[in-house]
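*Asks:* File name target-v4.txt; file contents compact mmCIF, C-alpha atoms; full text below.
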```txt
# COMPACT_ATOMS: atom_id res chain seq x y z
CA MET E 1 26.55 -22.66 8.32
CA THR E 2 27.88 -21.62 4.94
CA ASP E 3 27.19 -24.92 3.24
CA GLN E 4 23.94 -25.59 5.10
CA PHE E 5 21.90 -24.32 2.19
CA ALA E 6 24.24 -25.23 -0.63
CA TYR E 7 22.58 -27.37 -3.26
CA PRO E 8 24.42 -29.75 -5.54
CA ALA E 9 24.93 -28.37 -9.03
CA ASP E 10 22.92 -31.26 -10.44
CA ARG E 11 20.11 -30.88 -7.90
CA GLU E 12 17.22 -31.60 -10.24
CA LYS E 13 19.00 -34.15 -12.39
CA SER E 14 20.07 -36.19 -9.39
CA SER E 15 16.49 -36.22 -8.07
CA ALA E 16 15.12 -37.12 -11.48
CA ASP E 17 17.66 -39.93 -11.81
CA ARG E 18 16.96 -41.23 -8.36
CA VAL E 19 13.19 -41.30 -8.68
CA ALA E 20 13.46 -42.95 -12.10
CA ALA E 21 15.77 -45.59 -10.64
CA LEU E 22 13.43 -46.14 -7.72
CA GLU E 23 10.38 -46.49 -9.95
CA HIS E 24 12.31 -48.85 -12.23
CA LEU E 25 13.25 -51.11 -9.33
CA LEU E 26 9.76 -51.07 -7.83
CA ILE E 27 8.37 -52.21 -11.18
CA GLU E 28 11.05 -54.85 -11.56
CA LYS E 29 10.36 -56.20 -8.09
CA GLY E 30 6.61 -56.31 -8.57
CA VAL E 31 5.70 -53.61 -6.06
CA ILE E 32 3.96 -51.51 -8.73
CA THR E 33 3.50 -51.94 -12.48
CA ALA E 34 4.96 -49.98 -15.35
CA ALA E 35 1.59 -48.23 -15.64
CA THR E 36 0.83 -47.45 -12.00
CA VAL E 37 2.30 -43.97 -11.76
CA GLU E 38 0.76 -42.90 -15.06
CA LYS E 39 -2.64 -44.17 -14.00
CA VAL E 40 -2.43 -42.25 -10.72
CA LEU E 41 -1.40 -39.07 -12.50
CA SER E 42 -4.13 -39.50 -15.06
CA TYR E 43 -6.72 -39.83 -12.31
CA PHE E 44 -5.74 -36.40 -11.04
CA GLU E 45 -5.26 -34.83 -14.46
CA SER E 46 -8.57 -35.98 -15.87
CA GLU E 47 -11.03 -36.39 -13.00
CA MET E 48 -9.96 -34.84 -9.72
CA THR E 49 -9.27 -31.30 -10.79
CA PRO E 50 -10.40 -27.84 -9.65
CA LEU E 51 -13.23 -28.17 -12.17
CA ASN E 52 -15.11 -30.12 -9.50
CA GLY E 53 -14.72 -27.27 -7.06
CA LYS E 54 -15.79 -24.73 -9.67
CA LYS E 55 -19.00 -26.68 -10.30
CA ILE E 56 -19.72 -26.81 -6.58
CA VAL E 57 -19.15 -23.08 -6.15
CA VAL E 58 -21.28 -22.08 -9.13
CA LYS E 59 -24.09 -24.32 -7.94
CA ALA E 60 -23.89 -22.59 -4.57
CA TRP E 61 -23.96 -19.19 -6.27
CA THR E 62 -27.03 -20.03 -8.32
CA ASP E 63 -29.02 -22.10 -5.83
CA PRO E 64 -29.37 -20.59 -2.34
CA ASP E 65 -30.78 -23.80 -0.89
CA PHE E 66 -27.77 -25.73 -2.15
CA ALA E 67 -25.51 -23.00 -0.74
CA ALA E 68 -26.97 -23.69 2.70
CA ARG E 69 -26.78 -27.46 2.31
CA VAL E 70 -23.20 -27.55 1.09
CA VAL E 71 -21.99 -25.92 4.29
CA ASP E 72 -24.35 -27.94 6.50
CA ASP E 73 -23.60 -31.39 5.12
CA THR E 74 -20.94 -31.13 2.44
CA PRO E 75 -20.77 -34.81 1.38
CA ALA E 76 -24.55 -35.07 0.98
CA ALA E 77 -24.72 -31.85 -1.03
CA LEU E 78 -21.89 -32.96 -3.31
CA ALA E 79 -23.66 -36.26 -3.93
CA GLU E 80 -26.47 -34.27 -5.59
CA LEU E 81 -24.15 -32.98 -8.30
CA ASP E 82 -22.81 -34.54 -11.45
CA LEU E 83 -19.26 -35.06 -10.22
CA PRO E 84 -16.82 -37.93 -10.83
CA GLU E 85 -17.08 -41.11 -8.80
CA GLY E 86 -14.70 -40.76 -5.89
CA MET E 87 -15.59 -37.42 -4.30
CA ALA E 88 -15.58 -39.26 -0.95
CA GLY E 89 -12.42 -41.12 -1.91
CA ALA E 90 -8.83 -40.44 -0.91
CA GLU E 91 -8.52 -37.07 0.85
CA GLY E 92 -12.22 -36.51 0.34
CA GLU E 93 -13.49 -38.89 3.01
CA HIS E 94 -14.67 -36.01 5.18
CA LEU E 95 -15.08 -32.86 3.10
CA GLN E 96 -16.16 -29.63 4.72
CA ALA E 97 -17.08 -26.39 2.94
CA VAL E 98 -17.09 -22.97 4.56
CA ALA E 99 -18.72 -20.01 2.83
CA ASN E 100 -17.54 -16.44 2.55
CA VAL E 101 -20.32 -13.93 3.19
CA PRO E 102 -20.22 -10.16 3.49
CA GLY E 103 -18.08 -9.42 6.54
CA VAL E 104 -16.59 -12.92 6.84
CA HIS E 105 -13.66 -14.29 4.84
CA ASN E 106 -12.36 -17.83 5.30
CA VAL E 107 -8.85 -19.15 4.72
CA VAL E 108 -7.82 -22.80 4.91
CA ILE E 109 -4.32 -23.74 6.03
CA CYS E 110 -2.48 -26.81 7.24
CA THR E 111 0.34 -25.82 9.57
CA LEU E 112 1.50 -29.39 10.24
CA CYS E 113 1.58 -30.70 6.67
CA SER E 114 -0.48 -30.17 3.52
CA CYS E 115 -4.02 -31.56 4.06
CA PHE E 116 -6.02 -30.65 0.96
CA PRO E 117 -9.41 -31.69 -0.47
CA TRP E 118 -8.07 -33.66 -3.45
CA PRO E 119 -11.38 -34.60 -5.07
CA VAL E 120 -12.60 -31.00 -4.98
CA LEU E 121 -9.45 -29.12 -5.94
CA GLY E 122 -6.99 -31.70 -7.20
CA LEU E 123 -3.51 -31.62 -5.77
CA PRO E 124 -2.29 -28.68 -3.74
CA PRO E 125 -0.30 -25.96 -5.49
CA TYR E 126 3.15 -25.26 -4.11
CA TRP E 127 2.16 -22.13 -2.22
CA TYR E 128 -0.18 -24.13 0.01
CA LYS E 129 2.67 -26.47 1.02
CA ASP E 130 5.15 -23.63 1.50
CA PRO E 131 6.32 -23.52 5.14
CA VAL E 132 6.42 -19.73 4.94
CA PHE E 133 2.75 -19.48 3.96
CA ARG E 134 1.75 -22.05 6.57
CA ALA E 135 3.67 -20.27 9.31
CA ARG E 136 2.58 -16.75 8.46
CA ALA E 137 -1.07 -17.36 7.62
CA ALA E 138 -1.69 -18.72 11.12
CA ARG E 139 -0.49 -15.54 12.80
CA GLU E 140 -1.01 -12.74 10.29
CA PRO E 141 -3.64 -13.77 7.74
CA ARG E 142 -4.68 -10.20 6.97
CA THR E 143 -1.13 -9.21 6.09
CA VAL E 144 -0.61 -12.33 4.01
CA LEU E 145 -3.88 -11.80 2.13
CA ALA E 146 -3.00 -8.18 1.39
CA GLU E 147 0.37 -9.29 0.03
CA VAL E 148 -1.32 -11.62 -2.45
CA GLY E 149 -3.87 -9.03 -3.54
CA VAL E 150 -6.80 -9.60 -1.22
CA ALA E 151 -7.32 -6.31 0.61
CA LEU E 152 -10.19 -6.86 3.03
CA PRO E 153 -12.11 -4.14 4.85
CA GLU E 154 -10.81 -3.72 8.40
CA ASP E 155 -14.04 -4.93 9.91
CA THR E 156 -14.19 -8.10 7.81
CA GLU E 157 -13.60 -11.04 10.08
CA ILE E 158 -10.97 -13.49 8.85
CA LYS E 159 -11.57 -17.06 9.88
CA VAL E 160 -8.51 -19.27 9.56
CA TRP E 161 -9.11 -23.03 9.56
CA ASP E 162 -6.10 -25.16 10.49
CA SER E 163 -6.58 -28.67 9.08
CA SER E 164 -5.13 -30.81 11.83
CA GLY E 165 -7.93 -33.37 12.07
CA HIS E 166 -9.91 -35.54 9.67
CA SER E 167 -11.71 -32.91 7.58
CA ARG E 168 -10.54 -31.54 4.28
CA TRP E 169 -11.70 -27.95 3.97
CA PHE E 170 -12.51 -25.68 1.07
CA VAL E 171 -14.04 -22.24 0.69
CA ILE E 172 -17.11 -21.15 -1.24
CA PRO E 173 -15.98 -17.66 -2.30
CA GLU E 174 -18.42 -14.78 -2.62
CA ARG E 175 -20.03 -14.29 -6.00
CA PRO E 176 -18.63 -11.13 -7.56
CA SER E 177 -21.09 -8.32 -8.14
CA GLY E 178 -22.23 -7.62 -11.68
CA THR E 179 -22.27 -11.28 -12.67
CA GLU E 180 -26.04 -11.73 -12.71
CA ASP E 181 -26.18 -12.25 -16.47
CA LEU E 182 -23.31 -14.73 -16.78
CA THR E 183 -23.84 -18.33 -17.77
CA ASP E 184 -22.70 -21.12 -15.45
CA ALA E 185 -19.68 -21.70 -17.70
CA GLU E 186 -18.75 -18.02 -17.50
CA LEU E 187 -19.21 -18.07 -13.73
CA MET E 188 -16.92 -21.11 -13.44
CA ASP E 189 -14.17 -19.12 -15.14
CA LEU E 190 -14.25 -16.69 -12.20
CA VAL E 191 -13.44 -19.42 -9.68
CA THR E 192 -9.82 -20.41 -9.01
CA THR E 193 -8.14 -22.88 -6.70
CA GLU E 194 -6.80 -19.91 -4.77
CA SER E 195 -10.30 -18.50 -4.27
CA MET E 196 -11.47 -21.89 -2.99
CA ILE E 197 -8.78 -21.88 -0.29
CA GLY E 198 -9.32 -18.23 0.52
CA VAL E 199 -6.16 -16.53 -0.73
CA ALA E 200 -7.97 -14.89 -3.64
CA LEU E 201 -11.42 -13.56 -4.38
CA ALA E 202 -13.51 -15.03 -7.15
CA GLY E 203 -13.15 -13.00 -10.30
CA GLN E 204 -9.61 -11.89 -9.56
CA PRO E 205 -7.21 -12.55 -12.43
CA ALA E 206 -5.66 -15.98 -11.91
CA MET Z 1 10.85 -29.52 20.41
CA LYS Z 2 10.63 -29.77 16.68
CA LEU Z 3 10.35 -26.85 14.32
CA GLN Z 4 8.00 -28.89 12.15
CA HIS Z 5 5.55 -29.17 15.06
CA ASN Z 6 5.78 -25.47 15.72
CA LEU Z 7 5.66 -23.93 12.28
CA GLY Z 8 2.37 -22.10 12.78
CA GLY Z 9 3.07 -18.52 13.83
CA LEU Z 10 6.83 -18.61 13.29
CA GLU Z 11 8.04 -15.05 12.87
CA GLY Z 12 10.77 -13.41 10.86
CA LEU Z 13 9.97 -15.20 7.62
CA PRO Z 14 10.29 -13.57 4.17
CA GLN Z 15 7.79 -10.99 2.95
CA PRO Z 16 5.96 -10.39 0.73
CA LEU Z 17 4.51 -13.77 -0.06
CA THR Z 18 4.22 -14.83 -3.67
CA LEU Z 19 2.05 -17.73 -4.73
CA GLU Z 20 3.68 -20.50 -6.75
CA LYS Z 21 0.55 -21.91 -8.31
CA ARG Z 22 2.04 -24.97 -9.96
CA VAL Z 23 1.46 -28.36 -8.32
CA PHE Z 24 4.73 -29.75 -9.65
CA VAL Z 25 7.66 -27.54 -10.56
CA GLU Z 26 9.79 -30.35 -12.02
CA GLU Z 27 8.59 -33.31 -14.07
CA TRP Z 28 10.32 -35.81 -11.79
CA GLU Z 29 8.13 -34.70 -8.87
CA LYS Z 30 5.14 -36.36 -10.51
CA ARG Z 31 6.85 -39.74 -10.28
CA ILE Z 32 7.42 -39.64 -6.53
CA PHE Z 33 3.87 -38.43 -5.99
CA GLY Z 34 2.59 -41.39 -8.00
CA ILE Z 35 4.77 -43.83 -6.07
CA HIS Z 36 3.51 -42.44 -2.77
CA VAL Z 37 -0.14 -42.78 -3.81
CA ALA Z 38 0.52 -46.33 -5.00
CA MET Z 39 2.04 -47.18 -1.61
CA MET Z 40 -1.00 -45.74 0.17
CA GLY Z 41 -3.30 -47.72 -2.10
CA LEU Z 42 -1.37 -50.94 -1.52
CA SER Z 43 -0.76 -50.50 2.21
CA ASN Z 44 -1.41 -53.69 4.15
CA HIS Z 45 -3.59 -51.86 6.68
CA LEU Z 46 -6.28 -51.40 4.00
CA GLY Z 47 -7.38 -54.99 4.62
CA SER Z 48 -8.92 -53.80 7.87
CA ALA Z 49 -9.79 -50.28 6.73
CA LEU Z 50 -13.22 -48.88 5.91
CA PRO Z 51 -13.99 -50.02 3.29
CA GLU Z 52 -12.17 -53.33 3.69
CA TYR Z 53 -10.03 -53.82 0.61
CA PRO Z 54 -9.01 -57.34 -0.51
CA ILE Z 55 -5.43 -56.26 -0.05
CA ALA Z 56 -4.00 -59.70 0.70
CA GLU Z 57 -5.15 -60.86 -2.74
CA VAL Z 58 -3.50 -58.03 -4.66
CA PRO Z 59 -0.47 -59.41 -6.54
CA THR Z 60 1.98 -56.77 -5.32
CA ALA Z 61 5.31 -57.38 -3.65
CA PHE Z 62 4.49 -54.50 -1.31
CA ARG Z 63 3.69 -55.99 2.07
CA ASP Z 64 4.05 -53.06 4.44
CA GLU Z 65 1.91 -50.36 5.90
CA TRP Z 66 2.28 -46.92 4.34
CA THR Z 67 0.01 -44.05 5.30
CA TRP Z 68 0.18 -40.30 5.69
CA ALA Z 69 1.43 -40.97 9.20
CA ASP Z 70 4.58 -42.56 7.79
CA LEU Z 71 5.25 -39.74 5.36
CA ARG Z 72 4.55 -37.10 8.00
CA THR Z 73 6.68 -38.82 10.63
CA GLY Z 74 9.56 -38.73 8.18
CA ALA Z 75 9.08 -35.05 7.44
CA GLU Z 76 8.83 -34.26 11.15
CA ALA Z 77 12.06 -36.18 11.80
CA MET Z 78 14.06 -34.05 9.39
CA ASN Z 79 16.79 -31.67 10.38
CA PRO Z 80 14.78 -28.41 10.51
CA PHE Z 81 17.29 -26.65 8.29
CA ASP Z 82 16.73 -29.34 5.67
CA TYR Z 83 12.99 -29.01 6.14
CA PHE Z 84 13.22 -25.44 4.90
CA LYS Z 85 15.98 -26.16 2.44
CA PHE Z 86 14.29 -28.84 0.39
CA ARG Z 87 11.15 -28.49 -1.69
CA TYR Z 88 8.08 -30.51 -0.81
CA TYR Z 89 8.67 -33.39 -3.19
CA GLU Z 90 12.39 -33.48 -2.46
CA LYS Z 91 11.41 -34.35 1.11
CA TRP Z 92 9.06 -37.04 -0.20
CA LEU Z 93 11.77 -38.49 -2.43
CA GLY Z 94 14.20 -38.68 0.48
CA GLY Z 95 11.72 -40.21 2.91
CA ILE Z 96 10.18 -42.72 0.53
CA THR Z 97 13.50 -43.89 -0.90
CA GLN Z 98 14.85 -44.39 2.61
CA PHE Z 99 11.75 -46.40 3.52
CA PHE Z 100 12.29 -48.80 0.63
CA ILE Z 101 15.96 -49.16 1.56
CA ASP Z 102 15.24 -49.67 5.27
CA LYS Z 103 12.61 -52.30 4.51
CA GLY Z 104 14.91 -54.17 2.17
CA TYR Z 105 12.99 -53.61 -1.08
CA VAL Z 106 15.93 -51.87 -2.75
CA SER Z 107 19.55 -51.14 -1.92
CA GLU Z 108 21.73 -48.12 -2.58
CA ASP Z 109 23.78 -50.24 -4.97
CA GLU Z 110 20.71 -51.25 -6.92
CA LEU Z 111 19.53 -47.65 -7.09
CA ALA Z 112 22.91 -46.52 -8.40
CA ALA Z 113 22.94 -49.32 -10.96
CA ALA Z 114 19.39 -48.54 -12.14
CA VAL Z 115 20.16 -44.92 -13.02
CA GLY Z 116 19.68 -44.49 -16.74
CA ALA Z 117 18.08 -47.90 -17.22
CA ALA Z 118 15.37 -47.91 -19.85
CA ALA Z 119 11.91 -47.56 -18.37
CA PRO Z 120 9.94 -50.80 -18.59
CA SER Z 121 6.95 -50.60 -20.90
CA PRO Z 122 3.49 -51.32 -19.54
CA ASP Z 123 2.53 -54.85 -20.55
CA GLY Z 124 -0.75 -55.27 -18.74
CA ALA Z 125 0.77 -57.63 -16.21
CA GLY Z 126 -0.29 -56.89 -12.69
CA ASP Z 127 -3.30 -54.82 -13.70
CA ALA Z 128 -4.87 -55.88 -10.42
CA ILE Z 129 -2.23 -53.82 -8.64
CA ASP Z 130 -3.25 -50.70 -10.52
CA ASP Z 131 -6.93 -51.49 -10.04
CA GLN Z 132 -6.42 -51.60 -6.27
CA VAL Z 133 -4.60 -48.26 -6.28
CA ILE Z 134 -7.36 -46.58 -8.26
CA ASP Z 135 -10.03 -48.28 -6.14
CA TYR Z 136 -8.35 -46.80 -3.07
CA LEU Z 137 -8.41 -43.36 -4.67
CA ARG Z 138 -12.12 -43.66 -5.45
CA ARG Z 139 -13.23 -45.16 -2.13
CA GLY Z 140 -10.71 -43.73 0.33
CA ASP Z 141 -9.77 -44.74 3.84
CA SER Z 142 -12.08 -43.11 6.36
CA PRO Z 143 -10.85 -42.87 9.95
CA ARG Z 144 -14.43 -42.73 11.25
CA ARG Z 145 -15.31 -45.72 13.42
CA ASP Z 146 -18.39 -44.85 15.47
CA VAL Z 147 -20.77 -42.11 16.45
CA ALA Z 148 -19.24 -39.46 18.66
CA HIS Z 149 -18.85 -40.03 22.39
CA PRO Z 150 -17.79 -36.52 23.31
CA ARG Z 151 -16.45 -35.51 26.69
CA PHE Z 152 -16.78 -31.81 25.97
CA ALA Z 153 -19.72 -29.67 24.92
CA VAL Z 154 -20.14 -26.90 22.39
CA GLY Z 155 -19.40 -23.59 24.09
CA GLN Z 156 -17.18 -25.19 26.73
CA LYS Z 157 -13.79 -23.63 27.42
CA VAL Z 158 -10.93 -26.08 26.97
CA ARG Z 159 -7.22 -25.93 27.57
CA ILE Z 160 -5.02 -27.59 25.01
CA THR Z 161 -2.64 -30.19 26.38
CA ASP Z 162 1.08 -29.68 26.52
CA VAL Z 163 2.30 -33.26 26.73
CA PRO Z 164 5.66 -34.06 25.15
CA ALA Z 165 5.33 -34.62 21.41
CA GLY Z 166 6.71 -37.83 20.03
CA ALA Z 167 8.09 -38.47 16.57
CA HIS Z 168 4.73 -37.49 15.13
CA THR Z 169 1.85 -35.36 16.34
CA ARG Z 170 -1.39 -33.84 15.09
CA LEU Z 171 -1.27 -31.08 17.69
CA PRO Z 172 0.05 -27.84 16.21
CA GLY Z 173 2.65 -26.48 18.61
CA TYR Z 174 1.26 -22.96 18.72
CA LEU Z 175 -1.92 -24.27 20.37
CA ARG Z 176 -0.19 -25.96 23.28
CA ALA Z 177 -1.42 -24.79 26.69
CA ARG Z 178 -3.76 -22.26 25.05
CA THR Z 179 -7.39 -21.87 25.99
CA GLY Z 180 -10.13 -22.02 23.41
CA THR Z 181 -13.84 -22.63 23.06
CA VAL Z 182 -15.44 -25.71 21.56
CA GLN Z 183 -17.26 -24.51 18.45
CA ARG Z 184 -18.32 -27.85 17.01
CA ILE Z 185 -18.25 -31.57 17.75
CA PHE Z 186 -17.94 -33.75 14.68
CA GLU Z 187 -20.44 -36.53 14.30
CA GLY Z 188 -18.13 -39.51 14.73
CA ASP Z 189 -15.24 -40.97 16.62
CA TYR Z 190 -12.13 -40.98 14.48
CA GLY Z 191 -9.03 -43.09 14.69
CA TYR Z 192 -5.59 -42.15 13.52
CA PHE Z 193 -3.28 -44.36 11.45
CA VAL Z 194 -0.85 -44.91 14.32
CA GLU Z 195 -0.58 -44.41 18.05
CA THR Z 196 1.44 -41.23 18.15
CA GLY Z 197 2.36 -41.51 21.81
CA ASP Z 198 0.74 -38.19 22.67
CA GLY Z 199 -2.76 -39.57 22.98
CA ILE Z 200 -4.24 -40.20 19.54
CA GLY Z 201 -4.67 -43.41 17.59
CA ASP Z 202 -7.78 -45.09 18.99
CA PRO Z 203 -11.11 -43.68 17.77
CA MET Z 204 -12.17 -40.56 19.63
CA PRO Z 205 -14.19 -37.40 18.98
CA ILE Z 206 -12.76 -34.52 17.03
CA TYR Z 207 -13.67 -30.92 17.80
CA ILE Z 208 -13.37 -27.53 16.22
CA VAL Z 209 -11.86 -25.29 18.84
CA GLU Z 210 -12.00 -21.54 18.39
CA PHE Z 211 -9.11 -19.33 19.50
CA THR Z 212 -8.73 -15.58 19.64
CA PRO Z 213 -5.54 -14.12 18.18
CA HIS Z 214 -4.79 -12.52 21.53
CA GLU Z 215 -4.93 -15.90 23.26
CA LEU Z 216 -2.52 -17.36 20.74
CA TRP Z 217 -0.12 -14.53 20.13
CA GLY Z 218 -0.63 -12.00 22.91
CA VAL Z 219 0.59 -8.53 22.04
CA ARG Z 220 2.14 -9.93 18.86
CA ALA Z 221 -1.31 -10.72 17.46
CA GLU Z 222 -2.26 -9.09 14.20
CA PRO Z 223 -4.80 -6.31 14.74
CA GLY Z 224 -8.26 -6.90 13.37
CA ALA Z 225 -11.14 -9.29 13.64
CA ASN Z 226 -9.44 -12.65 13.16
CA THR Z 227 -10.43 -16.02 14.54
CA LEU Z 228 -8.46 -19.24 14.35
CA TYR Z 229 -10.25 -22.57 14.26
CA ALA Z 230 -8.33 -25.78 14.81
CA GLU Z 231 -9.60 -29.28 14.32
CA LEU Z 232 -8.39 -31.26 17.31
CA PHE Z 233 -8.63 -34.82 18.58
CA GLU Z 234 -10.20 -35.10 22.03
CA ALA Z 235 -6.95 -36.32 23.59
CA TYR Z 236 -5.53 -32.84 23.02
CA LEU Z 237 -8.27 -31.14 25.06
CA GLN Z 238 -8.59 -30.74 28.80
CA PRO Z 239 -11.35 -29.08 30.82
CA VAL Z 240 -10.19 -25.67 31.99
CA GLU Z 241 -11.22 -26.36 35.60
CA GLU Z 242 -8.68 -29.17 36.03
CA ASN Z 243 -5.90 -26.74 35.38
CA GLN Z 244 -6.89 -24.08 37.81
```
Could you quickly redo this structure as structure tokens?
*Replies:*
Amino acid sequence: MTDQFAYPADREKSSADRVAALEHLLIEKGVITAATVEKVLSYFESEMTPLNGKKIVVKAWTDPDFAARVVDDTPAALAELDLPEGMAGAEGEHLQAVANVPGVHNVVICTLCSCFPWPVLGLPPYWYKDPVFRARAAREPRTVLAEVGVALPEDTEIKVWDSSGHSRWFVIPERPSGTEDLTDAELMDLVTTESMIGVALAGQPA
Amino acid sequence: MKLQHNLGGLEGLPQPLTLEKRVFVEEWEKRIFGIHVAMMGLSNHLGSALPEYPIAEVPTAFRDEWTWADLRTGAEAMNPFDYFKFRYYEKWLGGITQFFIDKGYVSEDELAAAVGAAAPSPDGAGDAIDDQVIDYLRRGDSPRRDVAHPRFAVGQKVRITDVPAGAHTRLPGYLRARTGTVQRIFEGDYGYFVETGDGIGDPMPIYIVEFTPHELWGVRAEPGANTLYAELFEAYLQPVEENQ
């Protein structure tokens, strides 16, 4: 057992070398081009970012009819907004929003892998993919939420959504109180990736 | 039984949880992510996907199928100690590299020889490859094939199957043999990338099934008003009556 969890001293360098060698060979052999990886990364850095989710949430906060529609038929509601082309693209083919309301708090998990609504939130942060989070949030969501700073009233129902099918889920967090006078841009600053998965409240420091 | 199929609810794990909010913690991780997405966007199955991509006309040397099912099958095949030991993208790097070796695209010797080689500069050649990858990202690969033909109704009690899991499953282990209530039927029938051997693959309805913590965890359930909803293919559901 002693060396079961021993890592090589050059752990990161050997991975970096190996992936660079692999990419080099794939380019040389015509599988991908010298620009493919950069173009993929750029797609996620420039277009499919949490900004899309923030826009969706703020629209829901400021338009009660939209708030109802986005839960009812998420793809149709998103199509109303000025979002990048591709919201129904990879990992957005079947988006599904759930809304937090007083007394109900939603959390999205994926116990089998890391299903995540790419077009809405970009790529998943490491915590979402962490086996410890995935294991614990299924059984003890209230404890996990308290550990990360979300202390919910005892009578608040926690709904945990395990993404084992075709849908990619995200959460419309509750609008914080005292934000009536904020502009849309100011409201967007209150929304984080974590709040759109349910492990933070909107308005909590990121 | 595989740990990876039974992660949900595993006890004795470290507390408290801290949230690593970065998507990539090392620069090299971005490269393997990009390679994986390129493989998905160039996968030969996309020729018969929805939408149908002109994949046979794309000037790539990649001629295999690569989907989430392949990546997941690899992760589920790992030694469970390694599954916990290695970070997310370390697992991807191992699985994807092995795929390219197994399929004869690259060899270990070539990989060793390519370490430190200067990165080729983009020259615009093969732009159609990149265009296909980005087109895949924008248009996706929906598993929906038809309207729903559901066997179960909203409100119906169902027992989750407990058939042996193969190399890959979409049935979380903690739900096996548990009883829940159908909360929603999705509008379509949905296929899965591969036949997993435990019932999914061909298009079928998908349900949201609601479970109480007590049903899932018994006396070890966390106190409080919690509900767990799982999204499950119809093959994983059985009517309760059949089991009584």
*Asks:* Given all atoms listed in the file as the basis, pick out the residue of Z:Thr73, Z:Gln238, Z:Thr18, Z:Asn44 nearest to Thr161 (chain Z).
*Replies:*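 Closest to Thr161 (chain Z) of all the choices is Z:Gln238.
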*Asks:* Return the single residue from Z:Val25, Z:Thr179, Z:Trp92, Z:Gly197 that is closest to Leu228 (chain Z), with distances computed using all atoms listed in the file.
*Replies:*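 That would be Z:Thr179, the residue with the smallest distance to Leu228 (chain Z).
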*Asks:* For CA of Tyr43 (chain E) and CA of Leu42 (chain Z), determine how far apart the two atoms are, in Å to one decimal place.
*Replies:* 16.4 Å
*Asks:* For a test of reading the model, state the distance in Å between CA of Lys159 (chain E) and CA of Tyr229 (chain Z), rounded to one decimal.
*Replies:*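 Between these atoms lies a distance of 7.2 Å.
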*Asks:* Give me the residues within 12 Å of region 16-26 of chain E as a ChimeraX atom specification, counting only C-alpha atoms and dropping any in the same chain fewer than 5 places off.
*Replies:* /E:10-11,31-38 /Z:26-36,38-39,60-62,89-90,92-101,104-122
*Asks:* Using all atoms listed in the file, determine which residues of chain E fall within 6 Å of chain Z; present them as a PyMOL selection string.
*Replies:* chain E and resi 16-17+21+30-31+34-37+40+86+89-90+93+111+124-127+135-136+138-140+147+157-162+164-165
*Asks:* Give me, please, the distance in Å between CA of Pro203 (chain Z) and CA of Gly188 (chain Z), quoted to one decimal.
*Replies:*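 Computed distance, CA of Pro203 (chain Z) to CA of Gly188 (chain Z), equals 8.7 Å.
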*Asks:* Which residue is closest to Lys39 (chain E)? Choose from Z:Gln132, Z:Gln183, Z:Leu3, Z:Arg178 and count all atoms listed in the file.
*Replies:* Z:Gln132
*Asks:* May I have the protein, DNA and RNA residues with an atom at most 8 Å from (-14.9, -31.5, -5.2), counting all atoms listed in the file in the file's coordinates, returned as a PyMOL selection string?
*Replies:* chain E and resi 48-53+56+78+83+87+92+117-121
*Asks:* Can you tell me, as a count of residues only, which residues sit within 9 Å of (-19.2, -42.3, 19.7) in the file's frame, using only C-alpha atoms?
*Replies:* 13
*Asks:* Kindly indicate which residue among E:Tyr7, E:Leu152, E:Glu174, E:Val108 lies nearest to Tyr128 (chain E), using only C-alpha atoms for the distances.
*Replies:*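 Among the listed residues, the smallest separation from Tyr128 (chain E) belongs to E:Val108.
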*Asks:* Using all atoms listed in the file, which of the listed residues (Z:Asn79, Z:Asp64, Z:Lys91, Z:Arg159) sits closest to Lys103 (chain Z)?
*Replies:*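 Ranking Z:Asn79, Z:Asp64, Z:Lys91, Z:Arg159 by distance to Lys103 (chain Z), first place goes to Z:Asp64.
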*Asks:* Complete region 46-53 of chain E at the level of N, CA and C atoms, written as an mmCIF file, in the frame of the given file.
*Replies:*
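Printed below is result.cif as written:
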```
data_model
loop_
_atom_site.group_PDB
_atom_site.id
_atom_site.type_symbol
_atom_site.label_atom_id
_atom_site.label_comp_id
_atom_site.auth_asym_id
_atom_site.auth_seq_id
_atom_site.Cartn_x
_atom_site.Cartn_y
_atom_site.Cartn_z
ATOM 1 N N SER E 46 -7.335 -35.928 -15.097
ATOM 2 C CA SER E 46 -8.570 -35.980 -15.870
ATOM 3 C C SER E 46 -9.830 -35.875 -15.024
ATOM 4 N N GLU E 47 -9.779 -36.331 -13.767
ATOM 5 C CA GLU E 47 -11.030 -36.390 -13.000
ATOM 6 C C GLU E 47 -11.031 -35.501 -11.757
ATOM 7 N N MET E 48 -9.982 -35.593 -10.975
ATOM 8 C CA MET E 48 -9.960 -34.840 -9.720
ATOM 9 C C MET E 48 -9.184 -33.550 -9.921
ATOM 10 N N THR E 49 -9.890 -32.580 -10.463
ATOM 11 C CA THR E 49 -9.270 -31.300 -10.790
ATOM 12 C C THR E 49 -10.119 -30.178 -10.183
ATOM 13 N N PRO E 50 -9.617 -28.958 -10.213
ATOM 14 C CA PRO E 50 -10.400 -27.840 -9.650
ATOM 15 C C PRO E 50 -11.743 -27.633 -10.355
ATOM 16 N N LEU E 51 -11.932 -28.272 -11.498
ATOM 17 C CA LEU E 51 -13.230 -28.170 -12.170
ATOM 18 C C LEU E 51 -14.355 -28.628 -11.245
ATOM 19 N N ASN E 52 -14.084 -29.649 -10.438
ATOM 20 C CA ASN E 52 -15.110 -30.120 -9.500
ATOM 21 C C ASN E 52 -15.480 -29.013 -8.514
ATOM 22 N N GLY E 53 -14.471 -28.365 -7.986
ATOM 23 C CA GLY E 53 -14.720 -27.270 -7.060
ATOM 24 C C GLY E 53 -15.476 -26.124 -7.717
#
```
